[in-house]
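Undergrad: The structure follows.
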Amino acid sequence: MKIITLTTDFGQADHYIACMKGIIFQLAPAAKIIDVTHMLQPHDVVHAAFVLRQIFDHFPEGSIHIAVVDPGVGTARRLLAISYEGQLILAPDNGLVTLVHRDFEMEELRAIENTRLFRPEISTTFHGRDILAPVAGHLAQGMAIENVGPTVDQLEILNLDEPTATPAGGIEGQVLYVDRFGNLISNISLADIDAVAGDAIDNLSVHVGPLRVGQLHNTYADMPPGEIVAIIGSTGMLEIAINQGNAAEQLRAAPGTVIVVR
Amino acid sequence: MKIITLTTDFGQADHYIACMKGIIFQLAPAAKIIDVTHMLQPHDVVHAAFVLRQIFDHFPEGSIHIAVVDPGVGTARRLLAISYEGQLILAPDNGLVTLVHRDFEMEELRAIENTRLFRPEISTTFHGRDILAPVAGHLAQGMAIENVGPTVDQLEILNLDEPTATPAGGIEGQVLYVDRFGNLISNISLADIDAVAGDAIDNLSVHVGPLRVGQLHNTYADMPPGEIVAIIGSTGMLEIAINQGNAAEQLRAAPGTVIVVR
Amino acid sequence: MKIITLTTDFGQADHYIACMKGIIFQLAPAAKIIDVTHMLQPHDVVHAAFVLRQIFDHFPEGSIHIAVVDPGVGTARRLLAISYEGQLILAPDNGLVTLVHRDFEMEELRAIENTRLFRPEISTTFHGRDILAPVAGHLAQGMAIENVGPTVDQLEILNLDEPTATPAGGIEGQVLYVDRFGNLISNISLADIDAVAGDAIDNLSVHVGPLRVGQLHNTYADMPPGEIVAIIGSTGMLEIAINQGNAAEQLRAAPGTVIVVR
């Protein structure tokens, strides 16, 4: 019983996801299909790369992850099968794996080209259904990865901003992701902060744009409801929240908003 | 292990869907329940008919599809069990199966009337939980379809607009469905277009309302980002899209908007 | 094959739910995970208590229900494992089980404190993933409930308004829940109404705020489309609806709006 996860921007009102699942079950009746999310912002590869990275190390060895945010569908962009530490990702070659690729060791990289695995008719606009779903179905049934196509030696990696040192000895990063609660998840890790702060971690000052948030706390509830708080969140990254409130709305922050730690 | 799919307008915030699933699992612990969508427009039977048609031939033989958009719940409208080419649909008799019925061969049509299969107490407003879920559970456990109730010889079919020939030798249809990306899926098929165009398929001109879209392309990315494009989409129907944009919003189009091919 | 349900306010766009599922599958590969909803209003424990109550008696014995609406995450609030009539709830001790607790017999109440069951690193903000998911995984694999931690003798119960008798011999309650269709589900049960009405149930008059709805009907379609109707809904509670319309929008009603039966 293989796990196949789906991470897409297909939404939840249309037939697209169920079509993919039906195709998978035709080939692999015992597969366990897990919806990661289908509510990625349409065509937003960075959003997809973040979510794929977050879930990746929570799944058991042997899991197959299909990720489809694919503005280049129907063009010459390739579809890839990439294994990292015993798990497999099937995705268009558009940078979707950037953050997994940064943090895990790649074991195998192949282009998906074996048309005998595909559906008999391939649309130009829905390769998730016509190519990735049947390929995942075959893999879940035990087909070896080398059957998907030839090894290749390059893949697209997004050029994401990394946090940088500030002249004053601090660190400047930005909001990478806003979650349902309006929490601002930054690209600044605990390790980044440790490098800046050393023993002085209680003297840190966190800033969102022009606003001084204050020092680092342990959890949302260290501040009263409605108050802003900076913590190391469950992703291991610096996170700005409002206890029981919505930081993104109240601070008018969004992906790209500058975060500084002094 | 039987597949049971759910296609409803129940939304995702309420308890309704989980109640149905719990009832199914009480009877058929090994069933595999697949959510097609619960975000159908409330009471919109046409929307439901479209989605049910799209997913139908993607599922394996033996699948059971529960579809519930049921403005007439509690009235004398019947509940039906209808088999088409080895798959079964359980749904109210309100036209929900119109497009599956048009495209697949019906094998058996029965009214669901065997109250011994139902929950002990039947609400007047939630037959999905009280009737269809337990009936599906029994069927998934191997009960023969004739146990649900007597054969009947009529079912409700929606009177949907079909594309028509224009005096100038073209074809006029309309937008049938708008998906999450804002793509306009029409009721004009490739076969309809072939009948009009013959060898002149490169000289076609596609129009959305008063707007000339241009000729037929292969995929969204045949036009630059932000540009409008007409293609045969993944449903096999003429589709109007904006590459990496939202055609419904930008063209102010919706189900019913006229599409003409000249 | 154990059923584990998830009822949360985590939304559907983020990675949170998939992280929990991955952790569960690492420990209990054959578990059947059912999403009840992740669209609870953020931090709204009353909403969660209602949904948990509605689904509870639809699931088979042995089911494990994880419920997470947890504004106090990271504080000293406890996490509880509570069994009622053969099913188990894992949830923060914040009143989430109030309505299940009112209606079902509690069999066992334990604090979740056995850190050997938890993930190696516990975040301060995501105990659903770090504590409840692995505990549920172990329980689904057959671990006895006494391993989660010591029995305790108190749990938090919400102080919810109950319907009251009016001086004129009627009953006054309020809207408890608004569903996707805009139906107003009240806290007045059929038993409450029977106590008021006795044999005179056809002479009842139902009021939403200042508006007289009229007598009790059987189903939405007892009134023409667009007309307001009072019924006993599928939850067994008095419900105000507009046939094929949205009562909450048209009557500007919300949780807390007063409902009176005379």
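Residues in the structure tokens are numbered from 1 in each chain, the chains being A, B, ... in the order shown, and ligands are numbered from 1 in the order shown.
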Can you show chain B as a PDB file with C-alpha atoms, in the first residue's frame once it has been least-squares superposed onto chain A, using every C-alpha atom paired in order?

TA:
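File produced: superposed36.pdb:
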ATOM      1  CA  MET B   1      -0.011  -0.011   0.012  1.00  0.00           C
ATOM      2  CA  LYS B   2       1.855   3.021  -1.296  1.00  0.00           C
ATOM      3  CA  ILE B   3       1.208   6.630  -0.311  1.00  0.00           C
ATOM      4  CA  ILE B   4       0.722   9.108  -3.155  1.00  0.00           C
ATOM      5  CA  THR B   5       0.340  12.757  -2.166  1.00  0.00           C
ATOM      6  CA  LEU B   6      -1.127  15.507  -4.352  1.00  0.00           C
ATOM      7  CA  THR B   7      -0.053  19.164  -4.129  1.00  0.00           C
ATOM      8  CA  THR B   8      -1.684  21.349  -6.785  1.00  0.00           C
ATOM      9  CA  ASP B   9      -3.313  24.651  -7.688  1.00  0.00           C
ATOM     10  CA  PHE B  10      -6.392  22.902  -9.130  1.00  0.00           C
ATOM     11  CA  GLY B  11      -8.840  24.119  -6.480  1.00  0.00           C
ATOM     12  CA  GLN B  12     -11.585  22.047  -4.936  1.00  0.00           C
ATOM     13  CA  ALA B  13     -14.671  22.858  -6.974  1.00  0.00           C
ATOM     14  CA  ASP B  14     -13.690  21.259 -10.268  1.00  0.00           C
ATOM     15  CA  HIS B  15     -13.335  17.709 -11.553  1.00  0.00           C
ATOM     16  CA  TYR B  16      -9.561  17.821 -12.026  1.00  0.00           C
ATOM     17  CA  ILE B  17      -8.418  16.158  -8.795  1.00  0.00           C
ATOM     18  CA  ALA B  18     -10.969  13.362  -8.905  1.00  0.00           C
ATOM     19  CA  CYS B  19      -9.955  12.588 -12.502  1.00  0.00           C
ATOM     20  CA  MET B  20      -6.355  12.134 -11.350  1.00  0.00           C
ATOM     21  CA  LYS B  21      -7.419   9.925  -8.442  1.00  0.00           C
ATOM     22  CA  GLY B  22      -9.609   7.740 -10.639  1.00  0.00           C
ATOM     23  CA  ILE B  23      -6.713   7.180 -13.048  1.00  0.00           C
ATOM     24  CA  ILE B  24      -4.397   6.266 -10.172  1.00  0.00           C
ATOM     25  CA  PHE B  25      -6.915   3.792  -8.726  1.00  0.00           C
ATOM     26  CA  GLN B  26      -7.407   2.141 -12.111  1.00  0.00           C
ATOM     27  CA  LEU B  27      -3.719   1.212 -12.003  1.00  0.00           C
ATOM     28  CA  ALA B  28      -3.057   0.964  -8.262  1.00  0.00           C
ATOM     29  CA  PRO B  29      -6.286   0.037  -6.473  1.00  0.00           C
ATOM     30  CA  ALA B  30      -4.614  -0.157  -3.055  1.00  0.00           C
ATOM     31  CA  ALA B  31      -2.812   3.191  -3.247  1.00  0.00           C
ATOM     32  CA  LYS B  32      -3.436   5.626  -0.418  1.00  0.00           C
ATOM     33  CA  ILE B  33      -3.936   9.070  -1.917  1.00  0.00           C
ATOM     34  CA  ILE B  34      -3.396  12.055   0.389  1.00  0.00           C
ATOM     35  CA  ASP B  35      -4.451  15.579  -0.594  1.00  0.00           C
ATOM     36  CA  VAL B  36      -1.756  17.951   0.621  1.00  0.00           C
ATOM     37  CA  THR B  37      -3.527  20.981  -0.788  1.00  0.00           C
ATOM     38  CA  HIS B  38      -5.193  22.025  -4.010  1.00  0.00           C
ATOM     39  CA  MET B  39      -5.507  25.635  -2.904  1.00  0.00           C
ATOM     40  CA  LEU B  40      -2.056  26.810  -3.943  1.00  0.00           C
ATOM     41  CA  GLN B  41      -2.265  30.200  -5.609  1.00  0.00           C
ATOM     42  CA  PRO B  42      -2.776  29.504  -9.328  1.00  0.00           C
ATOM     43  CA  HIS B  43       0.568  29.392 -11.144  1.00  0.00           C
ATOM     44  CA  ASP B  44       2.490  30.283  -7.934  1.00  0.00           C
ATOM     45  CA  VAL B  45       5.523  27.999  -8.020  1.00  0.00           C
ATOM     46  CA  VAL B  46       7.113  29.578  -4.917  1.00  0.00           C
ATOM     47  CA  HIS B  47       4.023  28.826  -2.829  1.00  0.00           C
ATOM     48  CA  ALA B  48       4.160  25.240  -4.106  1.00  0.00           C
ATOM     49  CA  ALA B  49       7.868  24.899  -3.345  1.00  0.00           C
ATOM     50  CA  PHE B  50       7.277  26.038   0.238  1.00  0.00           C
ATOM     51  CA  VAL B  51       4.425  23.608   0.918  1.00  0.00           C
ATOM     52  CA  LEU B  52       6.232  20.683  -0.713  1.00  0.00           C
ATOM     53  CA  ARG B  53       9.280  21.368   1.461  1.00  0.00           C
ATOM     54  CA  GLN B  54       7.194  21.563   4.634  1.00  0.00           C
ATOM     55  CA  ILE B  55       5.442  18.257   4.155  1.00  0.00           C
ATOM     56  CA  PHE B  56       8.348  16.334   2.646  1.00  0.00           C
ATOM     57  CA  ASP B  57      10.070  14.971   5.729  1.00  0.00           C
ATOM     58  CA  HIS B  58       6.798  14.119   7.467  1.00  0.00           C
ATOM     59  CA  PHE B  59       6.024  11.226   5.116  1.00  0.00           C
ATOM     60  CA  PRO B  60       7.310   7.662   5.266  1.00  0.00           C
ATOM     61  CA  GLU B  61       9.980   6.275   2.971  1.00  0.00           C
ATOM     62  CA  GLY B  62       8.588   5.135  -0.343  1.00  0.00           C
ATOM     63  CA  SER B  63       6.004   7.921  -0.585  1.00  0.00           C
ATOM     64  CA  ILE B  64       5.338   9.367  -4.039  1.00  0.00           C
ATOM     65  CA  HIS B  65       4.587  13.092  -4.177  1.00  0.00           C
ATOM     66  CA  ILE B  66       2.839  14.516  -7.236  1.00  0.00           C
ATOM     67  CA  ALA B  67       3.148  18.300  -7.388  1.00  0.00           C
ATOM     68  CA  VAL B  68       1.467  20.259 -10.155  1.00  0.00           C
ATOM     69  CA  VAL B  69       1.673  23.995 -10.546  1.00  0.00           C
ATOM     70  CA  ASP B  70       2.399  24.124 -14.194  1.00  0.00           C
ATOM     71  CA  PRO B  71       2.082  27.418 -16.075  1.00  0.00           C
ATOM     72  CA  GLY B  72       4.201  25.899 -18.838  1.00  0.00           C
ATOM     73  CA  VAL B  73       1.941  22.896 -19.500  1.00  0.00           C
ATOM     74  CA  GLY B  74       1.967  22.006 -23.178  1.00  0.00           C
ATOM     75  CA  THR B  75       5.336  23.653 -23.840  1.00  0.00           C
ATOM     76  CA  ALA B  76       8.707  21.923 -24.055  1.00  0.00           C
ATOM     77  CA  ARG B  77       9.233  22.033 -20.267  1.00  0.00           C
ATOM     78  CA  ARG B  78       9.996  18.527 -19.046  1.00  0.00           C
ATOM     79  CA  LEU B  79       8.276  16.450 -16.413  1.00  0.00           C
ATOM     80  CA  LEU B  80      10.669  14.996 -13.842  1.00  0.00           C
ATOM     81  CA  ALA B  81      10.870  12.082 -11.427  1.00  0.00           C
ATOM     82  CA  ILE B  82      13.320  12.943  -8.650  1.00  0.00           C
ATOM     83  CA  SER B  83      14.129  10.849  -5.615  1.00  0.00           C
ATOM     84  CA  TYR B  84      15.401  12.348  -2.368  1.00  0.00           C
ATOM     85  CA  GLU B  85      16.241  10.151   0.613  1.00  0.00           C
ATOM     86  CA  GLY B  86      13.879   7.345  -0.304  1.00  0.00           C
ATOM     87  CA  GLN B  87      10.913   9.453  -1.420  1.00  0.00           C
ATOM     88  CA  LEU B  88       9.948  10.374  -4.955  1.00  0.00           C
ATOM     89  CA  ILE B  89       8.636  13.627  -6.436  1.00  0.00           C
ATOM     90  CA  LEU B  90       6.853  13.794  -9.801  1.00  0.00           C
ATOM     91  CA  ALA B  91       6.595  17.382 -11.024  1.00  0.00           C
ATOM     92  CA  PRO B  92       7.124  19.733 -13.935  1.00  0.00           C
ATOM     93  CA  ASP B  93      10.668  21.046 -14.265  1.00  0.00           C
ATOM     94  CA  ASN B  94       9.907  24.603 -13.176  1.00  0.00           C
ATOM     95  CA  GLY B  95      11.562  25.039  -9.784  1.00  0.00           C
ATOM     96  CA  LEU B  96       8.810  23.442  -7.742  1.00  0.00           C
ATOM     97  CA  VAL B  97      11.354  21.246  -5.939  1.00  0.00           C
ATOM     98  CA  THR B  98      13.727  24.133  -5.133  1.00  0.00           C
ATOM     99  CA  LEU B  99      13.398  23.975  -1.342  1.00  0.00           C
ATOM    100  CA  VAL B 100      13.352  20.184  -1.090  1.00  0.00           C
ATOM    101  CA  HIS B 101      16.398  20.159  -3.347  1.00  0.00           C
ATOM    102  CA  ARG B 102      18.207  22.632  -1.072  1.00  0.00           C
ATOM    103  CA  ASP B 103      17.593  20.572   2.063  1.00  0.00           C
ATOM    104  CA  PHE B 104      17.662  16.894   1.037  1.00  0.00           C
ATOM    105  CA  GLU B 105      20.081  14.725  -0.863  1.00  0.00           C
ATOM    106  CA  MET B 106      19.040  13.940  -4.410  1.00  0.00           C
ATOM    107  CA  GLU B 107      19.465  10.308  -5.372  1.00  0.00           C
ATOM    108  CA  GLU B 108      18.098  10.107  -8.875  1.00  0.00           C
ATOM    109  CA  LEU B 109      16.861  12.534 -11.514  1.00  0.00           C
ATOM    110  CA  ARG B 110      14.964  11.326 -14.564  1.00  0.00           C
ATOM    111  CA  ALA B 111      12.846  12.891 -17.279  1.00  0.00           C
ATOM    112  CA  ILE B 112       9.417  11.284 -17.609  1.00  0.00           C
ATOM    113  CA  GLU B 113       9.374  10.267 -21.252  1.00  0.00           C
ATOM    114  CA  ASN B 114       8.135   6.694 -21.481  1.00  0.00           C
ATOM    115  CA  THR B 115       4.919   7.286 -23.386  1.00  0.00           C
ATOM    116  CA  ARG B 116       3.805   3.679 -22.907  1.00  0.00           C
ATOM    117  CA  LEU B 117       3.025   4.627 -19.295  1.00  0.00           C
ATOM    118  CA  PHE B 118       0.854   7.590 -20.278  1.00  0.00           C
ATOM    119  CA  ARG B 119      -2.852   7.670 -21.045  1.00  0.00           C
ATOM    120  CA  PRO B 120      -3.544   6.800 -24.690  1.00  0.00           C
ATOM    121  CA  GLU B 121      -4.537  10.390 -25.498  1.00  0.00           C
ATOM    122  CA  ILE B 122      -2.519  13.218 -24.001  1.00  0.00           C
ATOM    123  CA  SER B 123      -4.208  16.600 -23.690  1.00  0.00           C
ATOM    124  CA  THR B 124      -2.034  19.688 -24.021  1.00  0.00           C
ATOM    125  CA  THR B 125      -3.314  21.190 -20.770  1.00  0.00           C
ATOM    126  CA  PHE B 126      -3.712  18.465 -18.153  1.00  0.00           C
ATOM    127  CA  HIS B 127      -0.518  16.455 -17.817  1.00  0.00           C
ATOM    128  CA  GLY B 128      -1.331  15.809 -14.157  1.00  0.00           C
ATOM    129  CA  ARG B 129      -4.097  13.485 -15.311  1.00  0.00           C
ATOM    130  CA  ASP B 130      -2.623  12.198 -18.557  1.00  0.00           C
ATOM    131  CA  ILE B 131       1.005  11.636 -17.542  1.00  0.00           C
ATOM    132  CA  LEU B 132       1.768  12.067 -13.830  1.00  0.00           C
ATOM    133  CA  ALA B 133      -1.253  10.139 -12.488  1.00  0.00           C
ATOM    134  CA  PRO B 134      -0.654   6.978 -14.550  1.00  0.00           C
ATOM    135  CA  VAL B 135       3.112   7.135 -13.953  1.00  0.00           C
ATOM    136  CA  ALA B 136       2.458   7.360 -10.201  1.00  0.00           C
ATOM    137  CA  GLY B 137       0.021   4.472 -10.475  1.00  0.00           C
ATOM    138  CA  HIS B 138       2.626   2.272 -12.154  1.00  0.00           C
ATOM    139  CA  LEU B 139       5.283   3.281  -9.598  1.00  0.00           C
ATOM    140  CA  ALA B 140       2.900   2.552  -6.717  1.00  0.00           C
ATOM    141  CA  GLN B 141       2.427  -0.925  -8.201  1.00  0.00           C
ATOM    142  CA  GLY B 142       6.154  -1.505  -7.894  1.00  0.00           C
ATOM    143  CA  MET B 143       7.502  -0.443 -11.282  1.00  0.00           C
ATOM    144  CA  ALA B 144      11.166   0.601 -10.991  1.00  0.00           C
ATOM    145  CA  ILE B 145      11.883   4.302 -11.409  1.00  0.00           C
ATOM    146  CA  GLU B 146      14.272   3.704 -14.352  1.00  0.00           C
ATOM    147  CA  ASN B 147      11.240   2.843 -16.479  1.00  0.00           C
ATOM    148  CA  VAL B 148       9.938   6.419 -16.451  1.00  0.00           C
ATOM    149  CA  GLY B 149      12.674   7.718 -18.731  1.00  0.00           C
ATOM    150  CA  PRO B 150      16.368   8.598 -19.034  1.00  0.00           C
ATOM    151  CA  THR B 151      18.478  10.192 -16.346  1.00  0.00           C
ATOM    152  CA  VAL B 152      19.126  13.874 -16.904  1.00  0.00           C
ATOM    153  CA  ASP B 153      21.676  16.081 -15.230  1.00  0.00           C
ATOM    154  CA  GLN B 154      19.969  19.396 -14.785  1.00  0.00           C
ATOM    155  CA  LEU B 155      16.806  20.737 -13.243  1.00  0.00           C
ATOM    156  CA  GLU B 156      15.288  24.169 -12.841  1.00  0.00           C
ATOM    157  CA  ILE B 157      15.936  25.826  -9.470  1.00  0.00           C
ATOM    158  CA  LEU B 158      14.204  29.052  -8.374  1.00  0.00           C
ATOM    159  CA  ASN B 159      16.379  31.976  -7.444  1.00  0.00           C
ATOM    160  CA  LEU B 160      14.832  32.702  -4.027  1.00  0.00           C
ATOM    161  CA  ASP B 161      16.025  35.518  -1.809  1.00  0.00           C
ATOM    162  CA  GLU B 162      18.083  34.335   1.144  1.00  0.00           C
ATOM    163  CA  PRO B 163      18.499  36.357   4.352  1.00  0.00           C
ATOM    164  CA  THR B 164      21.496  38.687   4.367  1.00  0.00           C
ATOM    165  CA  ALA B 165      23.651  40.276   7.065  1.00  0.00           C
ATOM    166  CA  THR B 166      22.896  43.936   7.757  1.00  0.00           C
ATOM    167  CA  PRO B 167      25.738  46.488   8.240  1.00  0.00           C
ATOM    168  CA  ALA B 168      24.750  46.866  11.908  1.00  0.00           C
ATOM    169  CA  GLY B 169      25.342  43.162  12.573  1.00  0.00           C
ATOM    170  CA  GLY B 170      21.763  42.054  12.237  1.00  0.00           C
ATOM    171  CA  ILE B 171      19.979  39.932   9.662  1.00  0.00           C
ATOM    172  CA  GLU B 172      17.472  40.940   7.014  1.00  0.00           C
ATOM    173  CA  GLY B 173      15.043  38.498   5.447  1.00  0.00           C
ATOM    174  CA  GLN B 174      11.479  38.558   4.285  1.00  0.00           C
ATOM    175  CA  VAL B 175       8.065  37.005   4.608  1.00  0.00           C
ATOM    176  CA  LEU B 176       8.079  33.765   2.616  1.00  0.00           C
ATOM    177  CA  TYR B 177       4.575  32.544   3.362  1.00  0.00           C
ATOM    178  CA  VAL B 178       1.346  33.678   5.020  1.00  0.00           C
ATOM    179  CA  ASP B 179      -0.755  30.895   6.502  1.00  0.00           C
ATOM    180  CA  ARG B 180      -4.519  30.661   7.135  1.00  0.00           C
ATOM    181  CA  PHE B 181      -4.165  32.356  10.519  1.00  0.00           C
ATOM    182  CA  GLY B 182      -2.331  35.294   8.974  1.00  0.00           C
ATOM    183  CA  ASN B 183       0.939  34.212  10.576  1.00  0.00           C
ATOM    184  CA  LEU B 184       3.963  35.558   8.703  1.00  0.00           C
ATOM    185  CA  ILE B 185       6.504  32.791   8.124  1.00  0.00           C
ATOM    186  CA  SER B 186       9.882  34.278   7.210  1.00  0.00           C
ATOM    187  CA  ASN B 187      12.931  32.894   5.445  1.00  0.00           C
ATOM    188  CA  ILE B 188      15.049  33.468   8.598  1.00  0.00           C
ATOM    189  CA  SER B 189      15.884  30.255  10.469  1.00  0.00           C
ATOM    190  CA  LEU B 190      16.801  29.721  14.094  1.00  0.00           C
ATOM    191  CA  ALA B 191      20.361  28.975  12.916  1.00  0.00           C
ATOM    192  CA  ASP B 192      20.474  32.357  11.139  1.00  0.00           C
ATOM    193  CA  ILE B 193      19.395  34.061  14.354  1.00  0.00           C
ATOM    194  CA  ASP B 194      21.848  32.117  16.495  1.00  0.00           C
ATOM    195  CA  ALA B 195      24.663  33.252  14.199  1.00  0.00           C
ATOM    196  CA  VAL B 196      23.699  36.884  14.782  1.00  0.00           C
ATOM    197  CA  ALA B 197      22.767  36.740  18.413  1.00  0.00           C
ATOM    198  CA  GLY B 198      25.220  34.362  20.032  1.00  0.00           C
ATOM    199  CA  ASP B 199      24.595  34.606  23.764  1.00  0.00           C
ATOM    200  CA  ALA B 200      22.564  37.769  23.395  1.00  0.00           C
ATOM    201  CA  ILE B 201      19.381  36.060  22.155  1.00  0.00           C
ATOM    202  CA  ASP B 202      17.267  37.828  24.799  1.00  0.00           C
ATOM    203  CA  ASN B 203      18.412  41.221  23.508  1.00  0.00           C
ATOM    204  CA  LEU B 204      17.136  40.657  19.975  1.00  0.00           C
ATOM    205  CA  SER B 205      14.719  43.049  18.411  1.00  0.00           C
ATOM    206  CA  VAL B 206      12.483  41.855  15.564  1.00  0.00           C
ATOM    207  CA  HIS B 207      11.048  44.309  13.004  1.00  0.00           C
ATOM    208  CA  VAL B 208       8.374  43.883  10.312  1.00  0.00           C
ATOM    209  CA  GLY B 209       8.890  46.674   7.837  1.00  0.00           C
ATOM    210  CA  PRO B 210       9.036  49.840   9.962  1.00  0.00           C
ATOM    211  CA  LEU B 211       7.294  48.219  12.953  1.00  0.00           C
ATOM    212  CA  ARG B 212       9.256  47.035  15.982  1.00  0.00           C
ATOM    213  CA  VAL B 213       7.747  43.748  17.162  1.00  0.00           C
ATOM    214  CA  GLY B 214      10.048  43.272  20.139  1.00  0.00           C
ATOM    215  CA  GLN B 215      12.079  40.317  21.315  1.00  0.00           C
ATOM    216  CA  LEU B 216      11.706  36.631  20.541  1.00  0.00           C
ATOM    217  CA  HIS B 217       9.099  34.706  22.552  1.00  0.00           C
ATOM    218  CA  ASN B 218       8.278  31.036  22.862  1.00  0.00           C
ATOM    219  CA  THR B 219       4.655  30.850  21.752  1.00  0.00           C
ATOM    220  CA  TYR B 220       1.712  32.967  20.606  1.00  0.00           C
ATOM    221  CA  ALA B 221       0.194  33.018  24.067  1.00  0.00           C
ATOM    222  CA  ASP B 222       3.254  34.657  25.586  1.00  0.00           C
ATOM    223  CA  MET B 223       1.504  37.862  24.563  1.00  0.00           C
ATOM    224  CA  PRO B 224      -2.110  38.758  25.430  1.00  0.00           C
ATOM    225  CA  PRO B 225      -4.767  38.134  22.751  1.00  0.00           C
ATOM    226  CA  GLY B 226      -4.520  40.769  20.043  1.00  0.00           C
ATOM    227  CA  GLU B 227      -0.835  41.474  20.639  1.00  0.00           C
ATOM    228  CA  ILE B 228       1.927  40.900  18.102  1.00  0.00           C
ATOM    229  CA  VAL B 229       4.574  38.308  18.887  1.00  0.00           C
ATOM    230  CA  ALA B 230       7.738  36.951  17.214  1.00  0.00           C
ATOM    231  CA  ILE B 231       8.565  33.284  17.718  1.00  0.00           C
ATOM    232  CA  ILE B 232      10.381  30.387  16.098  1.00  0.00           C
ATOM    233  CA  GLY B 233       7.375  28.668  14.544  1.00  0.00           C
ATOM    234  CA  SER B 234       6.592  25.041  13.830  1.00  0.00           C
ATOM    235  CA  THR B 235       8.502  25.223  10.534  1.00  0.00           C
ATOM    236  CA  GLY B 236      11.682  26.129  12.399  1.00  0.00           C
ATOM    237  CA  MET B 237      11.614  29.621  10.907  1.00  0.00           C
ATOM    238  CA  LEU B 238      11.113  33.050  12.480  1.00  0.00           C
ATOM    239  CA  GLU B 239       7.386  33.749  12.487  1.00  0.00           C
ATOM    240  CA  ILE B 240       5.411  36.879  13.299  1.00  0.00           C
ATOM    241  CA  ALA B 241       1.898  36.359  14.652  1.00  0.00           C
ATOM    242  CA  ILE B 242      -0.863  38.110  16.532  1.00  0.00           C
ATOM    243  CA  ASN B 243      -2.155  35.977  19.373  1.00  0.00           C
ATOM    244  CA  GLN B 244      -5.650  34.888  18.271  1.00  0.00           C
ATOM    245  CA  GLY B 245      -5.505  37.533  15.547  1.00  0.00           C
ATOM    246  CA  ASN B 246      -4.354  37.912  11.959  1.00  0.00           C
ATOM    247  CA  ALA B 247      -0.902  39.476  11.583  1.00  0.00           C
ATOM    248  CA  ALA B 248      -0.987  39.668   7.773  1.00  0.00           C
ATOM    249  CA  GLU B 249      -4.186  41.723   7.824  1.00  0.00           C
ATOM    250  CA  GLN B 250      -3.331  43.932  10.765  1.00  0.00           C
ATOM    251  CA  LEU B 251       0.248  44.629   9.660  1.00  0.00           C
ATOM    252  CA  ARG B 252      -0.629  44.677   5.934  1.00  0.00           C
ATOM    253  CA  ALA B 253       2.198  42.242   5.360  1.00  0.00           C
ATOM    254  CA  ALA B 254       2.528  39.710   2.551  1.00  0.00           C
ATOM    255  CA  PRO B 255       5.172  37.502   0.957  1.00  0.00           C
ATOM    256  CA  GLY B 256       8.131  39.810   0.313  1.00  0.00           C
ATOM    257  CA  THR B 257       7.591  42.107   3.316  1.00  0.00           C
ATOM    258  CA  VAL B 258      10.978  42.801   4.909  1.00  0.00           C
ATOM    259  CA  ILE B 259      11.770  41.291   8.323  1.00  0.00           C
ATOM    260  CA  VAL B 260      14.843  42.460  10.243  1.00  0.00           C
ATOM    261  CA  VAL B 261      16.411  40.994  13.384  1.00  0.00           C
ATOM    262  CA  ARG B 262      18.791  43.256  15.286  1.00  0.00           C
TER     263      ARG B 262
END

Undergrad: So that I can check the secondary structure, give me every residue of region 2-219 of chain A assigned strand (DSSP E) by backbone DSSP, as a ChimeraX atom specification.

TA: /A:3-8,32-37,64-68,79-84,87-92,106-111,164-165,171-178,184-189,206-208,211-214,216-217

Undergrad: Residues of region 10-197 of chain C classed as helix (DSSP H, G or I) by DSSP on the backbone are to be reported as number ranges by chain.

TA: C: 16-27, 45-56, 98-103, 115-117, 127-140, 145-148, 190-197
